[in-house]
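Next comes my_file.cif, with mmCIF, C-alpha atoms and all ligand atoms.
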data_final
#
loop_
_atom_site.label_atom_id
_atom_site.label_comp_id
_atom_site.auth_asym_id
_atom_site.auth_seq_id
_atom_site.Cartn_x
_atom_site.Cartn_y
_atom_site.Cartn_z
CA MET A 8 19.32 29.04 -4.43
CA ASP A 9 16.18 30.65 -3.07
CA SER A 10 14.23 29.58 -6.10
CA THR A 11 14.63 25.93 -5.21
CA ALA A 12 13.53 26.19 -1.58
CA GLY A 13 10.11 24.63 -1.96
CA PRO A 14 7.62 23.20 0.43
CA LEU A 15 9.25 19.82 0.47
CA ASN A 16 12.13 21.03 2.58
CA GLN A 17 9.61 22.18 5.13
CA LEU A 18 7.83 18.87 4.73
CA ILE A 19 10.94 16.87 5.47
CA ALA A 20 12.00 19.12 8.30
CA ASP A 21 8.84 19.10 10.35
CA ALA A 22 6.33 16.82 8.73
CA LEU A 23 7.90 13.39 8.78
CA ALA A 24 4.29 12.50 9.52
CA VAL A 25 3.79 12.31 5.76
CA ILE A 26 6.87 10.38 4.82
CA ALA A 27 7.27 8.58 8.12
CA PRO A 28 10.54 6.78 7.53
CA HIS A 29 10.78 5.36 11.02
CA VAL A 30 7.22 5.32 12.29
CA PRO A 31 4.67 3.16 10.54
CA ARG A 32 1.74 5.54 10.48
CA ASP A 33 -0.96 2.97 10.09
CA LEU A 34 0.17 1.03 13.11
CA THR A 35 -0.47 3.94 15.45
CA TRP A 36 -3.05 3.47 18.20
CA PRO A 37 -5.57 5.97 16.74
CA ILE A 38 -5.57 4.17 13.38
CA LEU A 39 -5.81 0.73 15.00
CA LEU A 40 -8.61 1.89 17.32
CA LEU A 41 -10.47 3.34 14.34
CA THR A 42 -10.04 0.01 12.56
CA ALA A 43 -11.36 -1.90 15.60
CA GLY A 44 -14.23 0.57 16.03
CA LEU A 45 -15.35 0.22 12.43
CA ALA A 46 -14.99 -3.56 12.59
CA THR A 47 -17.19 -3.63 15.73
CA THR A 48 -19.80 -1.56 13.89
CA ILE A 49 -19.79 -4.06 11.02
CA TRP A 50 -20.15 -6.91 13.55
CA LEU A 51 -23.17 -5.19 15.12
CA PHE A 52 -24.88 -4.38 11.84
CA ARG A 53 -24.27 -7.79 10.31
CA ASN A 54 -25.13 -9.85 13.38
CA GLY A 55 -21.64 -11.28 13.76
CA ALA A 56 -20.90 -11.83 10.06
CA GLY A 57 -18.42 -9.92 7.89
CA ALA A 58 -15.05 -11.25 9.05
CA LYS A 59 -13.15 -13.87 7.07
CA GLY A 60 -11.47 -16.92 8.53
CA ALA A 61 -7.95 -18.04 7.63
CA ASP A 62 -9.50 -19.77 4.60
CA GLY A 63 -10.76 -16.43 3.20
CA ARG A 64 -14.47 -17.23 3.70
CA VAL A 65 -16.89 -14.98 5.59
CA ARG A 66 -18.60 -16.55 8.59
CA LYS A 67 -20.29 -15.53 11.83
CA MET A 68 -18.06 -15.13 14.88
CA PRO A 69 -18.35 -13.88 18.46
CA LEU A 70 -16.92 -10.35 18.83
CA ARG A 71 -13.50 -11.26 20.19
CA GLN A 72 -12.90 -13.81 17.45
CA PHE A 73 -14.27 -11.33 14.93
CA LEU A 74 -11.71 -8.68 15.93
CA LEU A 75 -8.74 -10.92 16.73
CA PRO A 76 -9.30 -14.44 15.41
CA THR A 77 -7.00 -16.98 17.00
CA GLU A 78 -6.70 -18.96 13.74
CA ILE A 79 -5.28 -15.88 12.01
CA TYR A 80 -3.04 -14.40 14.69
CA THR A 81 -1.43 -17.72 15.64
CA HIS A 82 -1.00 -18.77 11.99
CA LEU A 83 2.59 -19.42 10.88
CA SER A 84 2.13 -16.75 8.19
CA ALA A 85 1.27 -14.10 10.84
CA ARG A 86 4.30 -15.08 12.91
CA VAL A 87 6.59 -14.83 9.89
CA ASP A 88 5.11 -11.33 9.27
CA VAL A 89 6.68 -10.18 12.53
CA GLY A 90 10.16 -11.34 11.48
CA LEU A 91 9.85 -9.79 8.02
CA TYR A 92 8.56 -6.57 9.54
CA VAL A 93 11.44 -6.26 12.00
CA PHE A 94 14.02 -7.11 9.33
CA GLU A 95 12.57 -4.57 6.92
CA ARG A 96 12.43 -1.89 9.65
CA LEU A 97 16.08 -2.45 10.52
CA LEU A 98 17.17 -1.88 6.93
CA ARG A 99 14.70 0.90 6.14
CA PRO A 100 16.67 3.87 7.56
CA LEU A 101 19.53 3.04 5.17
CA TRP A 102 17.56 3.50 1.99
CA VAL A 103 15.10 6.06 3.30
CA THR A 104 17.92 8.48 3.99
CA THR A 105 19.75 7.80 0.77
CA LEU A 106 16.77 7.57 -1.59
CA LEU A 107 13.81 9.43 -0.21
CA VAL A 108 15.57 12.36 1.39
CA GLY A 109 18.03 12.49 -1.50
CA ILE A 110 15.73 12.12 -4.52
CA ALA A 111 12.67 14.06 -3.33
CA PRO A 112 14.30 17.48 -2.72
CA SER A 113 16.42 17.25 -5.89
CA THR A 114 13.32 16.35 -7.93
CA GLU A 115 11.54 19.30 -6.36
CA ALA A 116 14.46 21.60 -7.23
CA LEU A 117 14.65 20.22 -10.78
CA ILE A 118 10.93 20.79 -11.39
CA MET A 119 11.07 24.34 -10.00
CA ASP A 120 14.19 25.22 -11.99
CA THR A 121 12.71 23.75 -15.18
CA LEU A 122 9.46 25.70 -14.73
CA ASN A 123 11.41 28.87 -13.97
CA THR A 124 13.48 28.40 -17.13
CA LEU A 125 10.54 27.53 -19.38
CA LEU A 126 7.85 29.84 -18.02
CA GLY A 127 9.69 32.41 -15.94
CA SER A 128 9.03 32.91 -12.25
CA GLY A 129 5.76 31.52 -10.96
CA PRO A 130 2.50 33.47 -10.60
CA GLY A 131 3.23 34.07 -6.91
CA LEU A 132 -0.10 32.79 -5.64
CA HIS A 133 -0.93 33.00 -1.97
CA SER A 134 -1.96 29.75 -0.40
CA HIS A 135 -5.20 29.19 1.45
CA TYR A 136 -6.99 26.08 2.61
CA GLY A 137 -8.40 25.24 -0.83
CA TRP A 138 -4.97 25.31 -2.45
CA MET A 139 -3.53 23.24 0.37
CA LEU A 140 -6.20 20.62 -0.21
CA LEU A 141 -5.43 20.65 -3.92
CA TYR A 142 -1.74 20.20 -3.15
CA SER A 143 -2.60 17.19 -0.96
CA LEU A 144 -4.80 15.79 -3.71
CA VAL A 145 -2.21 16.20 -6.47
CA THR A 146 0.45 14.61 -4.26
CA LEU A 147 -1.90 11.72 -3.52
CA LEU A 148 -2.81 11.17 -7.19
CA LEU A 149 0.83 11.28 -8.28
CA TYR A 150 1.86 8.95 -5.48
CA ASP A 151 -0.97 6.59 -6.39
CA LEU A 152 0.03 6.62 -10.08
CA LEU A 153 3.68 5.85 -9.33
CA PHE A 154 2.58 3.14 -6.88
CA PHE A 155 0.26 1.69 -9.53
CA LEU A 156 2.96 1.64 -12.23
CA ILE A 157 5.57 0.02 -9.97
CA HIS A 158 3.05 -2.49 -8.64
CA TYR A 159 1.83 -3.30 -12.18
CA ALA A 160 5.41 -3.93 -13.30
CA GLU A 161 6.01 -6.15 -10.27
CA HIS A 162 3.02 -8.30 -11.21
CA LYS A 163 3.86 -8.55 -14.91
CA ILE A 164 7.67 -8.85 -15.00
CA PRO A 165 8.98 -12.14 -13.57
CA VAL A 166 12.25 -10.67 -12.25
CA LEU A 167 10.26 -8.17 -10.17
CA TRP A 168 7.46 -10.59 -9.27
CA ALA A 169 10.17 -12.67 -7.55
CA ILE A 170 10.56 -9.79 -5.07
CA HIS A 171 6.88 -8.84 -4.73
CA LYS A 172 5.85 -12.47 -4.22
CA VAL A 173 6.89 -12.15 -0.55
CA HIS A 174 4.02 -9.71 0.05
CA HIS A 175 1.66 -12.18 -1.64
CA SER A 176 2.95 -15.21 0.23
CA ALA A 177 0.92 -14.10 3.28
CA GLU A 178 -1.73 -16.78 3.85
CA VAL A 179 -3.74 -14.70 6.33
CA LEU A 180 -4.25 -10.93 6.43
CA THR A 181 -3.21 -8.79 9.41
CA PRO A 182 -2.44 -5.03 9.51
CA LEU A 183 1.25 -5.89 9.76
CA ILE A 184 1.21 -7.16 6.16
CA ARG A 185 1.38 -3.60 4.95
CA TYR A 186 5.06 -3.94 5.89
CA ARG A 187 5.51 -7.53 4.84
CA GLU A 188 7.80 -7.05 1.93
CA HIS A 189 11.16 -8.28 0.82
CA PHE A 190 13.96 -5.96 1.90
CA LEU A 191 14.70 -5.26 -1.77
CA GLU A 192 11.18 -3.95 -2.35
CA GLY A 193 11.33 -0.96 0.02
CA PRO A 194 13.87 0.98 -2.06
CA ILE A 195 11.80 0.48 -5.24
CA TYR A 196 8.70 2.03 -3.67
CA ALA A 197 10.80 4.74 -1.98
CA ILE A 198 11.94 5.94 -5.42
CA GLY A 199 8.30 6.14 -6.57
CA ALA A 200 7.27 8.01 -3.41
CA ALA A 201 10.24 10.38 -3.65
CA LEU A 202 9.47 11.21 -7.29
CA SER A 203 5.78 11.85 -6.63
CA PHE A 204 6.39 14.01 -3.54
CA GLY A 205 9.16 15.87 -5.39
CA ILE A 206 7.13 16.55 -8.56
CA ALA A 207 4.10 17.82 -6.62
CA ALA A 208 6.23 19.93 -4.27
CA GLY A 209 8.18 21.43 -7.20
CA LEU A 210 5.00 22.33 -9.07
CA PHE A 211 3.31 23.92 -6.07
CA GLY A 212 6.53 25.55 -4.88
CA TRP A 213 6.71 27.28 -8.26
CA LEU A 214 3.06 28.38 -8.17
CA PHE A 215 3.18 29.96 -4.71
CA SER A 216 5.23 32.85 -3.45
CA ASP A 217 4.86 31.84 0.17
CA SER A 218 5.34 28.36 1.45
CA ILE A 219 2.54 25.90 0.98
CA ALA A 220 1.92 23.03 3.32
CA GLN A 221 -0.43 20.14 2.80
CA ALA A 222 -3.86 20.38 4.34
CA THR A 223 -4.16 18.78 7.70
CA LEU A 224 -7.16 17.32 9.38
CA PHE A 225 -6.94 17.38 13.17
CA ASN A 226 -3.24 18.00 12.77
CA ILE A 227 -2.61 14.81 10.85
CA GLY A 228 -1.69 15.01 7.19
CA PHE A 229 -4.92 14.50 5.26
CA PHE A 230 -3.06 12.27 2.87
CA ALA A 231 -1.31 10.38 5.67
CA LEU A 232 -4.64 9.77 7.38
CA LEU A 233 -6.33 8.40 4.27
CA PHE A 234 -3.31 6.33 3.35
CA GLY A 235 -2.79 5.13 6.91
CA PHE A 236 -6.39 4.03 7.36
CA ASN A 237 -6.51 2.38 3.98
CA GLY A 238 -3.21 0.57 4.57
CA SER A 239 -4.30 -0.71 7.94
CA PHE A 240 -7.79 -1.86 7.07
CA ARG A 241 -7.06 -3.35 3.67
CA HIS A 242 -4.77 -5.90 5.29
CA TYR A 243 -7.33 -6.71 7.98
CA HIS A 244 -9.48 -9.84 7.64
CA VAL A 245 -12.79 -7.94 8.07
CA ALA A 246 -14.55 -7.33 4.75
CA PHE A 247 -15.17 -3.59 4.63
CA HIS A 248 -17.04 -2.65 1.43
CA TYR A 249 -17.79 0.83 0.13
CA PRO A 250 -20.90 1.47 -1.96
CA ARG A 251 -20.23 0.51 -5.57
CA TRP A 252 -20.17 4.10 -6.81
CA LEU A 253 -17.52 5.04 -4.23
CA SER A 254 -15.43 1.94 -5.03
CA LYS A 255 -15.07 3.32 -8.53
CA TRP A 256 -13.13 6.25 -7.04
CA LEU A 257 -11.52 4.90 -3.89
CA HIS A 258 -10.25 1.41 -3.14
CA SER A 259 -12.41 -0.08 -0.43
CA PRO A 260 -10.37 -2.24 1.96
CA VAL A 261 -12.06 -5.43 0.73
CA MET A 262 -10.83 -4.70 -2.79
CA HIS A 263 -7.35 -5.50 -1.51
CA HIS A 264 -8.62 -8.85 -0.19
CA THR A 265 -9.12 -9.85 -3.82
CA HIS A 266 -5.67 -8.54 -4.69
CA HIS A 267 -4.25 -11.08 -2.23
CA SER A 268 -6.41 -13.93 -3.51
CA TYR A 269 -4.83 -16.73 -5.51
CA LEU A 270 -7.96 -17.37 -7.60
CA GLU A 271 -7.13 -16.71 -11.23
CA HIS A 272 -9.88 -14.17 -11.85
CA HIS A 273 -8.47 -12.05 -9.00
CA TRP A 274 -4.88 -11.97 -10.28
CA ASP A 275 -3.29 -8.60 -11.07
CA THR A 276 -6.32 -6.55 -10.03
CA ASN A 277 -6.63 -3.45 -7.80
CA LEU A 278 -3.00 -2.44 -8.05
CA ALA A 279 -3.12 1.16 -6.78
CA ALA A 280 -2.70 2.21 -3.16
CA VAL A 281 -5.63 4.51 -2.46
CA THR A 282 -7.77 5.51 -5.44
CA SER A 283 -9.52 3.41 -8.09
CA ILE A 284 -8.76 5.95 -10.81
CA TRP A 285 -5.61 4.36 -12.23
CA ASP A 286 -6.96 0.81 -12.06
CA ARG A 287 -10.05 1.99 -13.90
CA LEU A 288 -7.97 3.70 -16.60
CA PHE A 289 -5.73 0.67 -17.08
CA GLY A 290 -8.53 -1.90 -16.89
CA THR A 291 -7.43 -3.66 -13.69
CA LEU A 292 -10.25 -2.59 -11.38
CA TYR A 293 -12.15 -5.42 -9.67
CA ILE A 294 -15.02 -4.66 -7.29
CA PRO A 295 -15.87 -7.85 -5.41
CA GLU A 296 -19.37 -9.01 -4.53
CA LYS A 297 -20.44 -9.00 -0.90
CA ASP A 298 -18.74 -11.86 1.00
CA GLU A 299 -16.79 -12.96 -2.07
CA TYR A 300 -14.44 -15.85 -1.35
CA THR A 301 -10.78 -14.78 -1.36
CA PRO A 302 -8.30 -17.51 -0.42
CA TRP A 303 -5.04 -15.69 0.34
CA GLY A 304 -1.48 -16.55 -0.57
CA LEU A 305 0.36 -17.91 -3.60
CA GLY A 306 -1.86 -20.95 -4.07
CA PRO A 307 -1.26 -24.64 -3.42
CA ALA A 308 1.37 -25.08 -6.17
CA SER A 309 4.04 -22.82 -4.66
CA GLN A 310 2.93 -21.82 -1.17
CA GLY A 311 5.10 -24.56 0.33
CA GLU A 312 8.22 -22.73 -0.88
CA TYR A 313 7.22 -19.49 0.91
CA ARG A 314 6.29 -20.43 4.46
CA SER A 315 9.24 -19.77 6.73
CA PHE A 316 11.05 -16.48 7.31
CA TRP A 317 14.15 -17.75 5.55
CA GLN A 318 12.20 -19.12 2.57
CA ASN A 319 10.74 -15.64 2.07
CA VAL A 320 14.02 -13.77 2.47
CA SER A 321 15.83 -16.11 0.06
CA GLY A 322 12.87 -16.41 -2.35
CA PRO A 323 13.92 -13.85 -4.99
CA PHE A 324 17.46 -15.21 -5.12
CA ARG A 325 16.16 -18.73 -5.63
CA ASP A 326 13.85 -17.56 -8.41
CA TRP A 327 16.53 -15.53 -10.13
CA SER A 328 18.99 -18.39 -10.08
CA ALA A 329 16.29 -20.66 -11.55
CA MET A 330 15.70 -18.08 -14.28
CA ILE A 331 19.40 -17.84 -15.05
CA LYS A 332 19.61 -21.61 -15.29
CA GLY A 333 16.76 -21.42 -17.77
CA LYS A 334 14.19 -23.28 -15.76
CA THR A 335 11.38 -21.20 -17.18
CA SER A 336 8.80 -23.79 -16.30
CA SER A 337 10.01 -23.96 -12.72
CA SER A 338 7.18 -23.81 -10.26
CA SER A 339 9.00 -21.07 -8.40
CA ALA A 340 9.92 -18.76 -11.25
CA GLY A 341 6.66 -18.11 -13.06
CA LEU A 342 3.88 -15.68 -12.23
CA HIS A 343 1.07 -16.79 -9.96
CA GLU A 344 1.57 -20.44 -10.54
ZN ZN A 401 0.60 -7.14 -5.48
ZN ZN A 402 -1.27 -6.09 0.23
#

Show me this structure written as structure tokens.
Amino acid sequence: MDSTAGPLNQLIADALAVIAPHVPRDLTWPILLLTAGLATTIWLFRNGAGAKGADGRVRKMPLRQFLLPTEIYTHLSARVDVGLYVFERLLRPLWVTTLLVGIAPSTEALIMDTLNTLLGSGPGLHSHYGWMLLYSLVTLLLYDLLFFLIHYAEHKIPVLWAIHKVHHSAEVLTPLIRYREHFLEGPIYAIGAALSFGIAAGLFGWLFSDSIAQATLFNIGFFALLFGFNGSFRHYHVAFHYPRWLSKWLHSPVMHHTHHSYLEHHWDTNLAAVTSIWDRLFGTLYIPEKDEYTPWGLGPASQGEYRSFWQNVSGPFRDWSAMIKGKTSSSSAGLHE
């Protein structure tokens, strides 16, 4: 089955850097140091302003508080993050091996076989840096689209919102929140990631006669770097804006601050992972004003039901049982109450 040996096999074999099933790429020291370095630059340029307190309002702080505010890192929500993170990490290898490593190569093989059947063997292109960059870009756009669609569904469909709510129950933002998710949510996103990696790898595997690898920047996957930085900074309490024109193409970290806000005009906005393209196409893009107020969490009506570790782990099951019992007006079953 030579025809189905595409770049993804190579990717899985030696570039777990991209998929990273066991190592959270945005919690590496280089990414965290970059985050702290950029935050310090903001502090210098804005004379101590630019970081938000636990209440989601920007105010001036001395540098140490600006980088690591006590009110955020000792908050109950931040402590619960640690438990949810560890729990999710323990279960992750189970579904990563079964879903990601299972679905991605078979999707790649299916795409290559289908293209071979429909169009004959590929044009046998030879890869160079430009093609590798394009491969990275297509993978990123596909990943972002699948992420957007899954995330959109999670916000609009109550049965799925019950799972995703755990990510939104965070009352303060820390980089660990990237991994604050219910253990049922990981497999859903893994399917999306596996499909996008598989489709892109199948397409490019068909186009090229030799193997094609994604472009790397300083030996780190270009995609992984962008995604890692974005994931780390967008769950950090420092408001990092891009110029408005750039925000129309890439999500600035502060655009995810509004995603976590419980104010009604912020609901269901900025749903993609990296680019603004899909949110723009589907009408969910929201570019906040400088220092816009973003109180985080589920809001006063239901936050009390999502404070402890156990409340978060049992949350979806409580919601689903309320739905089954027909309590549609229940304060815990609806969207963004
Ligand atoms: Zn969300
Ligand atoms: Zn988030």

Which protein, DNA or RNA residues have an atom within 10 Å of ligand ZN 401 (chain A), counting only C-alpha atoms and all ligand atoms, as a list of chain:residue names?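 These are the residues that qualify: A:Phe155, A:Ile157, A:His158, A:Tyr159, A:Ala160, A:Glu161, A:His162, A:Trp168, A:His171, A:Lys172, A:Val173, A:His174, A:His175, A:His263, A:His266, A:His267, A:Ser268, A:Trp274, A:Asp275, A:Thr276, A:Asn277, A:Leu278, A:Ala279.
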
One decimal, Å: what's the distance from CA of Arg185 (chain A) over to CA of Asn237 (chain A), could you say?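 About the pair CA of Arg185 (chain A) and CA of Asn237 (chain A): they are 9.9 Å apart.
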
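Nearest residue to ligand ZN 402 (chain A) among A:Tyr243, A:Phe289, A:Trp256, A:Tyr313 is A:Tyr243, counting only C-alpha atoms and all ligand atoms.
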
Using all atoms listed in the file, can you tell me which of A:Ser84, A:Thr42, A:Thr265, A:Thr105 comes closest to ligand ZN 402 (chain A)?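 The closest residue to ligand ZN 402 (chain A) is A:Thr265.
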
Residue neighbourhood Tyr150 (chain A), 9 Å, all atoms listed in the file, exclusion window fewer than 3 positions, as a count of residues only: 13

Nearest candidate to Glu178 (chain A) (options A:Pro69, A:Gly193, A:Gly44, A:Pro307; using all atoms listed in the file):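 The closest residue to Glu178 (chain A) is A:Pro307.
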
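If all atoms listed in the file are the atoms counted, then among A:Phe247, A:Trp213, A:Phe240, A:Phe316 the closest residue to ligand ZN 402 (chain A) is A:Phe240.
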
Provide an axis-aligned box for all listed atoms of region 243-246 of chain A, padding each side by 3 Å; report its centre and its edge lengths in Å to one decimal, as JSON.
{"center_x": -10.9, "center_y": -8.3, "center_z": 6.4, "size_x": 13.2, "size_y": 9.1, "size_z": 9.3}

With a distance cut-off of 12 Å and only C-alpha atoms, select the neighbouring residues of Met68 (chain A), excluding the residue or stretch itself and same-chain residues fewer than 2 positions from it, and output the selection as a VMD selection string. chain A and resid 47 49 to 51 53 to 60 64 to 66 70 to 77 245

Store the residues picked out above in a file with C-alpha atoms, as a PDB file, in the frame of the given file.
ATOM      1  CA  THR A  47     -17.190  -3.630  15.730  1.00  0.00           C
ATOM      2  CA  ILE A  49     -19.790  -4.060  11.020  1.00  0.00           C
ATOM      3  CA  TRP A  50     -20.150  -6.910  13.550  1.00  0.00           C
ATOM      4  CA  LEU A  51     -23.170  -5.190  15.120  1.00  0.00           C
ATOM      5  CA  ARG A  53     -24.270  -7.790  10.310  1.00  0.00           C
ATOM      6  CA  ASN A  54     -25.130  -9.850  13.380  1.00  0.00           C
ATOM      7  CA  GLY A  55     -21.640 -11.280  13.760  1.00  0.00           C
ATOM      8  CA  ALA A  56     -20.900 -11.830  10.060  1.00  0.00           C
ATOM      9  CA  GLY A  57     -18.420  -9.920   7.890  1.00  0.00           C
ATOM     10  CA  ALA A  58     -15.050 -11.250   9.050  1.00  0.00           C
ATOM     11  CA  LYS A  59     -13.150 -13.870   7.070  1.00  0.00           C
ATOM     12  CA  GLY A  60     -11.470 -16.920   8.530  1.00  0.00           C
ATOM     13  CA  ARG A  64     -14.470 -17.230   3.700  1.00  0.00           C
ATOM     14  CA  VAL A  65     -16.890 -14.980   5.590  1.00  0.00           C
ATOM     15  CA  ARG A  66     -18.600 -16.550   8.590  1.00  0.00           C
ATOM     16  CA  LEU A  70     -16.920 -10.350  18.830  1.00  0.00           C
ATOM     17  CA  ARG A  71     -13.500 -11.260  20.190  1.00  0.00           C
ATOM     18  CA  GLN A  72     -12.900 -13.810  17.450  1.00  0.00           C
ATOM     19  CA  PHE A  73     -14.270 -11.330  14.930  1.00  0.00           C
ATOM     20  CA  LEU A  74     -11.710  -8.680  15.930  1.00  0.00           C
ATOM     21  CA  LEU A  75      -8.740 -10.920  16.730  1.00  0.00           C
ATOM     22  CA  PRO A  76      -9.300 -14.440  15.410  1.00  0.00           C
ATOM     23  CA  THR A  77      -7.000 -16.980  17.000  1.00  0.00           C
ATOM     24  CA  VAL A 245     -12.790  -7.940   8.070  1.00  0.00           C
TER      25      VAL A 245
END

Measure the distance from CA of Ile110 (chain A) to CA of Arg96 (chain A) in Å and round it to one decimal.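 Distance reported for this atom pair: 20.2 Å.
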
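Of note, CA of Glu299 (chain A) and CA of His242 (chain A) are spaced 15.8 Å apart.
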
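Closest approach to ligand ZN 402 (chain A) among A:Thr114, A:Thr282, A:Thr291, A:Ser176 is made by A:Ser176 (distances from only C-alpha atoms and all ligand atoms).
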
Using only C-alpha atoms, which of the listed residues (A:Gln318, A:Gly306, A:Lys297, A:Ile206) sits closest to Thr121 (chain A)?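 Selected residue with least distance to Thr121 (chain A): A:Ile206.
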